[in-house]
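Okay, work_13.txt now, which holds compact mmCIF, C-alpha atoms:
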```
# COMPACT_ATOMS: atom_id res chain seq x y z
CA MET A 1 145.38 128.25 110.79
CA SER A 2 148.07 125.62 110.33
CA ASP A 3 151.59 126.59 109.30
CA LEU A 4 152.05 128.23 105.93
CA LYS A 5 154.72 127.93 103.27
CA GLN A 6 155.45 128.50 99.64
CA ALA A 7 157.05 125.80 97.51
CA ILE A 8 159.30 126.71 94.63
CA VAL A 9 159.92 123.82 92.26
CA LEU A 10 162.88 124.20 89.93
CA ARG A 11 163.64 122.00 86.93
CA ASP A 12 166.65 119.96 88.04
CA ASP A 13 167.19 118.42 84.59
CA LEU A 14 168.16 121.66 82.83
CA ASP A 15 171.71 122.80 82.33
CA ILE A 16 171.34 126.41 83.45
CA SER A 17 173.53 128.71 85.51
CA LYS A 18 172.89 129.41 89.18
CA GLY A 19 171.96 133.01 88.34
CA LYS A 20 169.41 131.89 85.77
CA ALA A 21 167.95 129.35 88.20
CA ILE A 22 167.60 132.05 90.84
CA SER A 23 165.84 134.49 88.52
CA GLN A 24 163.39 131.78 87.38
CA ALA A 25 162.69 130.83 90.99
CA CYS A 26 162.01 134.48 91.83
CA HIS A 27 159.59 134.78 88.90
CA ALA A 28 157.71 131.71 90.16
CA SER A 29 157.67 132.90 93.75
CA LEU A 30 156.33 136.34 92.88
CA LYS A 31 153.69 135.14 90.43
CA ALA A 32 152.30 132.52 92.81
CA TYR A 33 152.33 135.07 95.62
CA LYS A 34 150.27 137.47 93.55
CA LYS A 35 147.67 134.78 92.88
CA SER A 36 147.26 133.91 96.53
CA ASP A 37 144.63 135.14 98.94
CA SER A 38 145.70 138.49 100.38
CA GLU A 39 144.85 137.68 103.99
CA LEU A 40 146.60 134.35 103.86
CA ARG A 41 149.72 135.81 102.30
CA SER A 42 149.89 138.58 104.91
CA GLU A 43 149.74 135.94 107.61
CA TRP A 44 152.46 133.96 105.82
CA GLU A 45 154.68 137.04 105.74
CA ARG A 46 153.98 137.83 109.38
CA ARG A 47 155.24 134.35 110.21
CA GLY A 48 158.47 134.75 108.25
CA ALA A 49 157.43 133.87 104.69
CA LYS A 50 158.76 130.30 104.78
CA LYS A 51 159.88 129.01 101.40
CA VAL A 52 161.08 125.57 100.37
CA VAL A 53 163.03 125.00 97.18
CA LEU A 54 162.53 121.65 95.48
CA GLY A 55 163.77 119.96 92.32
CA SER A 56 161.86 118.09 89.63
CA GLY A 57 161.86 117.11 85.95
CA ASP A 58 159.87 118.73 83.13
CA ARG A 59 156.87 116.37 82.92
CA LYS A 60 156.50 116.24 86.67
CA VAL A 61 156.57 120.04 87.00
CA ARG A 62 153.64 120.31 84.60
CA ASP A 63 151.75 117.57 86.46
CA LEU A 64 152.31 119.31 89.79
CA TYR A 65 151.01 122.55 88.36
CA GLU A 66 147.82 120.86 87.18
CA GLU A 67 147.42 119.15 90.52
CA ALA A 68 147.75 122.46 92.37
CA GLU A 69 145.16 124.01 90.07
CA ARG A 70 142.76 121.11 90.65
CA ASN A 71 143.22 121.58 94.39
CA LYS A 72 142.59 125.33 94.14
CA ILE A 73 146.03 126.19 95.46
CA PRO A 74 147.52 129.30 93.85
CA ALA A 75 150.28 128.21 91.51
CA SER A 76 152.23 129.72 88.66
CA ILE A 77 154.33 127.93 86.07
CA ILE A 78 157.20 129.80 84.44
CA LYS A 79 158.10 129.41 80.79
CA ASP A 80 161.25 131.17 79.79
CA ALA A 81 161.29 133.60 76.88
CA GLY A 82 164.50 131.89 75.84
CA HIS A 83 166.70 134.92 75.31
CA THR A 84 169.52 133.12 77.08
CA GLU A 85 170.53 129.57 77.98
CA VAL A 86 167.29 127.70 77.09
CA GLU A 87 164.89 127.34 74.15
CA PRO A 88 161.88 129.70 74.09
CA GLY A 89 158.93 128.25 75.97
CA THR A 90 161.01 125.98 78.20
CA VAL A 91 159.32 125.35 81.53
CA THR A 92 161.86 126.34 84.19
CA ALA A 93 160.06 126.69 87.51
CA LEU A 94 156.80 126.45 89.40
CA GLY A 95 155.62 128.41 92.41
CA ILE A 96 152.94 126.94 94.69
CA GLY A 97 151.37 128.94 97.49
CA PRO A 98 151.73 130.36 100.05
CA ALA A 99 149.24 127.86 101.43
CA GLU A 100 148.90 125.49 104.37
CA HIS A 101 151.85 123.11 104.83
CA ASP A 102 149.77 119.96 104.49
CA LYS A 103 148.08 121.11 101.29
CA ILE A 104 151.46 121.86 99.73
CA ASP A 105 152.99 118.63 101.00
CA LYS A 106 150.16 116.63 99.44
CA ILE A 107 151.32 117.93 96.07
CA THR A 108 155.09 118.22 96.46
CA GLY A 109 155.69 115.58 99.14
CA GLU A 110 157.72 113.30 96.89
CA LEU A 111 160.19 115.95 95.75
CA LYS A 112 163.65 116.50 97.20
CA LEU A 113 164.99 119.77 98.56
CA ILE A 114 167.58 121.46 96.36
CA ARG A 115 170.83 121.52 98.33
CA MET B 1 160.00 155.25 80.40
CA SER B 2 163.41 153.63 80.01
CA ASP B 3 163.84 149.90 80.48
CA LEU B 4 163.11 148.45 83.88
CA LYS B 5 164.75 145.73 85.92
CA GLN B 6 165.13 144.37 89.40
CA ALA B 7 168.56 143.56 90.82
CA ILE B 8 168.97 140.77 93.31
CA VAL B 9 172.30 140.87 95.11
CA LEU B 10 173.35 137.71 96.89
CA ARG B 11 176.20 137.36 99.38
CA ASP B 12 178.86 135.46 97.47
CA ASP B 13 181.10 135.04 100.51
CA LEU B 14 178.75 132.78 102.46
CA ASP B 15 178.94 129.01 102.45
CA ILE B 16 175.26 128.25 101.90
CA SER B 17 173.43 125.68 99.78
CA LYS B 18 171.89 126.52 96.43
CA GLY B 19 168.39 126.01 97.88
CA LYS B 20 169.11 128.42 100.73
CA ALA B 21 170.53 130.98 98.31
CA ILE B 22 167.41 130.72 96.17
CA SER B 23 165.03 131.19 99.07
CA GLN B 24 166.96 134.25 100.27
CA ALA B 25 166.93 135.72 96.76
CA CYS B 26 163.17 135.19 96.56
CA HIS B 27 162.67 136.94 99.90
CA ALA B 28 164.68 139.91 98.63
CA SER B 29 162.87 140.02 95.30
CA LEU B 30 159.42 139.95 96.85
CA LYS B 31 160.16 142.49 99.58
CA ALA B 32 161.69 144.99 97.19
CA TYR B 33 158.79 144.45 94.78
CA LYS B 34 156.29 145.26 97.50
CA LYS B 35 158.10 148.50 98.29
CA SER B 36 158.07 149.68 94.69
CA ASP B 37 155.64 152.02 93.00
CA SER B 38 152.60 150.03 91.84
CA GLU B 39 152.39 151.57 88.38
CA LEU B 40 156.07 151.10 87.72
CA ARG B 41 156.02 147.50 88.85
CA SER B 42 153.01 146.71 86.66
CA GLU B 43 154.90 148.12 83.72
CA TRP B 44 157.96 146.07 84.67
CA GLU B 45 155.82 142.92 84.73
CA ARG B 46 154.17 143.76 81.43
CA ARG B 47 157.66 143.92 79.92
CA GLY B 48 158.70 140.51 81.26
CA ALA B 49 159.85 141.33 84.81
CA LYS B 50 163.56 141.35 84.02
CA LYS B 51 165.76 140.32 86.93
CA VAL B 52 169.53 140.26 87.24
CA VAL B 53 171.28 138.24 89.91
CA LEU B 54 174.56 139.65 91.21
CA GLY B 55 177.11 138.68 93.83
CA SER B 56 178.75 140.75 96.56
CA GLY B 57 180.36 140.61 100.02
CA ASP B 58 178.75 141.52 103.34
CA ARG B 59 180.00 145.09 103.82
CA LYS B 60 179.30 145.97 100.22
CA VAL B 61 175.72 144.63 100.37
CA ARG B 62 174.99 146.93 103.30
CA ASP B 63 176.58 149.88 101.48
CA LEU B 64 174.51 149.20 98.36
CA TYR B 65 171.35 149.09 100.44
CA GLU B 66 172.12 152.48 101.95
CA GLU B 67 172.94 153.90 98.55
CA ALA B 68 169.63 152.68 97.14
CA GLU B 69 167.79 154.23 100.06
CA ARG B 70 169.61 157.54 99.56
CA ASN B 71 168.62 157.46 95.90
CA LYS B 72 164.98 156.69 96.77
CA ILE B 73 165.05 153.36 94.95
CA PRO B 74 162.94 150.70 96.65
CA ALA B 75 165.28 148.20 98.25
CA SER B 76 165.04 145.50 100.85
CA ILE B 77 167.85 143.84 102.75
CA ILE B 78 167.35 140.31 104.04
CA LYS B 79 168.69 139.14 107.38
CA ASP B 80 168.26 135.46 107.99
CA ALA B 81 166.55 134.19 111.12
CA GLY B 82 169.38 131.68 111.33
CA HIS B 83 167.39 128.52 111.84
CA THR B 84 169.64 126.75 109.33
CA GLU B 85 173.10 127.17 107.80
CA VAL B 86 173.94 130.72 109.03
CA GLU B 87 174.05 132.67 112.31
CA PRO B 88 170.89 134.63 113.22
CA GLY B 89 170.94 138.13 111.75
CA THR B 90 173.31 137.29 108.89
CA VAL B 91 172.71 139.52 105.88
CA THR B 92 172.12 137.16 102.97
CA ALA B 93 170.58 139.15 100.11
CA LEU B 94 169.41 142.50 98.84
CA GLY B 95 166.63 143.31 96.40
CA ILE B 96 166.71 146.60 94.48
CA GLY B 97 163.83 147.74 92.33
CA PRO B 98 162.15 147.24 89.94
CA ALA B 99 163.40 150.60 88.73
CA GLU B 100 164.92 152.12 85.63
CA HIS B 101 168.00 150.30 84.32
CA ASP B 102 170.32 153.27 84.62
CA LYS B 103 169.32 154.02 88.20
CA ILE B 104 170.00 150.41 89.19
CA ASP B 105 173.26 150.28 87.25
CA LYS B 106 174.49 153.41 89.02
CA ILE B 107 174.29 151.43 92.25
CA THR B 108 175.17 147.89 91.20
CA GLY B 109 177.31 148.60 88.15
CA GLU B 110 180.50 147.20 89.63
CA LEU B 111 179.05 143.85 90.62
CA LYS B 112 179.38 140.65 88.65
CA LEU B 113 176.52 138.43 87.51
CA ILE B 114 176.20 135.16 89.36
CA ARG B 115 176.80 132.37 86.88
```
Step by step, read the file and then write its structure as structure tokens.
Amino acid sequence: MSDLKQAIVLRDDLDISKGKAISQACHASLKAYKKSDSELRSEWERRGAKKVVLGSGDRKVRDLYEEAERNKIPASIIKDAGHTEVEPGTVTALGIGPAEHDKIDKITGELKLIR
Amino acid sequence: MSDLKQAIVLRDDLDISKGKAISQACHASLKAYKKSDSELRSEWERRGAKKVVLGSGDRKVRDLYEEAERNKIPASIIKDAGHTEVEPGTVTALGIGPAEHDKIDKITGELKLIR
């Protein structure tokens, strides 16, 4: 099996606090994890559970989610309940994988790491 | 059952990028989740999987971890492999729960939210 990773894509065009961004990223990570194949995710964890954190705009996040679905890669899009900071239903984050590096890169390859 | 939440405690005295902080928080969230009681965590998810993101220094993070363990609250401390940004073995984050609000607050009550 090739190397495994999970990609977490955060909206980089929202004005939200660091704490809020982190909680949305954790939602996305956990939900995508739960959708993934149990053997594959155990192997991912055994290898250190590599995660990459990427930034993208609203439209693109939705497109990436659909592309992951079409490619049968476990993915979960997060819409915030809007109790704080953003309007209800705002897309905030997307989790993709864990899955093979190259499969993830085919979807997220154009995005930049969040620094 | 009283309200449920998960606390994610991040080192606020480390000079790491936002992306690195997010990936460490996600590690902590997932590992603590996996340690938690399956019925309780399902209930937590059904209620929206509330997460709070808090900041703390190194020594304090270790103390909080031990306190959670003593109180039988599922908790997971993250030490980074040190491939990037920090020295190998650096404690970066701590996940506590999901568990009842008051049990978490008894441990993390003094900490400030990360903004």
Need the axis-aligned box for region 13-30 of chain A with 4 Å each side, so what are the centre and edges in Å to one decimal, as JSON?
```
{"center_x": 164.9, "center_y": 127.4, "center_z": 88.0, "size_x": 25.2, "size_y": 25.9, "size_z": 19.4}
```
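For the pair CA of Leu111 (chain A) and CA of Leu54 (chain A), the interatomic distance is 6.2 Å.
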Practice item. Do me a favour and pick out the residues of chain B within 10 Å of chain A, using all atoms listed in the file, as a VMD selection string. Key: chain B and resid 6 to 8 10 16 to 31 33 45 48 to 55 80 to 81 113 to 115
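For the atom pair formed by CA of Lys72 (chain B) and CA of Thr92 (chain B), the distance is 21.7 Å, given to one decimal.
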Exercise for review: Within 10 Å of Gly97 (chain B), counting all atoms listed in the file, which residues show up once you throw out same-chain ones fewer than 4 positions away? Write them as a list in words, please.
Suggested key: Leu4, Lys5, Gln6, Ala7, Ile8, Ser29, Lys31, Ala32, Tyr33, Lys34, Lys35, Ser36, Asp37, Leu40, Arg41, Trp44, Lys51, Ala68, Ile73, Pro74, Ala75, Ser76, His101, Lys103 and Ile104 of chain B
Written selection (C-alpha atoms) as a compact mmCIF listing (two decimals), in the frame of the given file:
```
# COMPACT_ATOMS: atom_id res chain seq x y z
CA LEU B 4 163.11 148.45 83.88
CA LYS B 5 164.75 145.73 85.92
CA GLN B 6 165.13 144.37 89.40
CA ALA B 7 168.56 143.56 90.82
CA ILE B 8 168.97 140.77 93.31
CA SER B 29 162.87 140.02 95.30
CA LYS B 31 160.16 142.49 99.58
CA ALA B 32 161.69 144.99 97.19
CA TYR B 33 158.79 144.45 94.78
CA LYS B 34 156.29 145.26 97.50
CA LYS B 35 158.10 148.50 98.29
CA SER B 36 158.07 149.68 94.69
CA ASP B 37 155.64 152.02 93.00
CA LEU B 40 156.07 151.10 87.72
CA ARG B 41 156.02 147.50 88.85
CA TRP B 44 157.96 146.07 84.67
CA LYS B 51 165.76 140.32 86.93
CA ALA B 68 169.63 152.68 97.14
CA ILE B 73 165.05 153.36 94.95
CA PRO B 74 162.94 150.70 96.65
CA ALA B 75 165.28 148.20 98.25
CA SER B 76 165.04 145.50 100.85
CA HIS B 101 168.00 150.30 84.32
CA LYS B 103 169.32 154.02 88.20
CA ILE B 104 170.00 150.41 89.19
```
Review point. Which residues, written as a VMD selection string, have at least one atom at most 8 Å from Asp58 (chain B), with all atoms listed in the file counted and residues fewer than 5 positions away on the same chain left out?
Key: chain B and resid 11 13 91 to 92
Prev. selection, C-alpha atoms, output as an mmCIF file, in the coordinates of the input:
```cif
data_model
loop_
_atom_site.group_PDB
_atom_site.id
_atom_site.type_symbol
_atom_site.label_atom_id
_atom_site.label_comp_id
_atom_site.auth_asym_id
_atom_site.auth_seq_id
_atom_site.Cartn_x
_atom_site.Cartn_y
_atom_site.Cartn_z
ATOM 1 C CA ARG B 11 176.200 137.360 99.380
ATOM 2 C CA ASP B 13 181.100 135.040 100.510
ATOM 3 C CA VAL B 91 172.710 139.520 105.880
ATOM 4 C CA THR B 92 172.120 137.160 102.970
#
```
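Among B:Glu100, B:Glu110, B:Asp15, B:Asp63, the residue with the shortest atom-to-atom distance to Ser2 (chain B), counting only C-alpha atoms, is B:Glu100.
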Check your understanding: Distance CA of Ser38 (chain B)-CA of Ala99 (chain B), one decimal place?
Key -> 11.3 Å
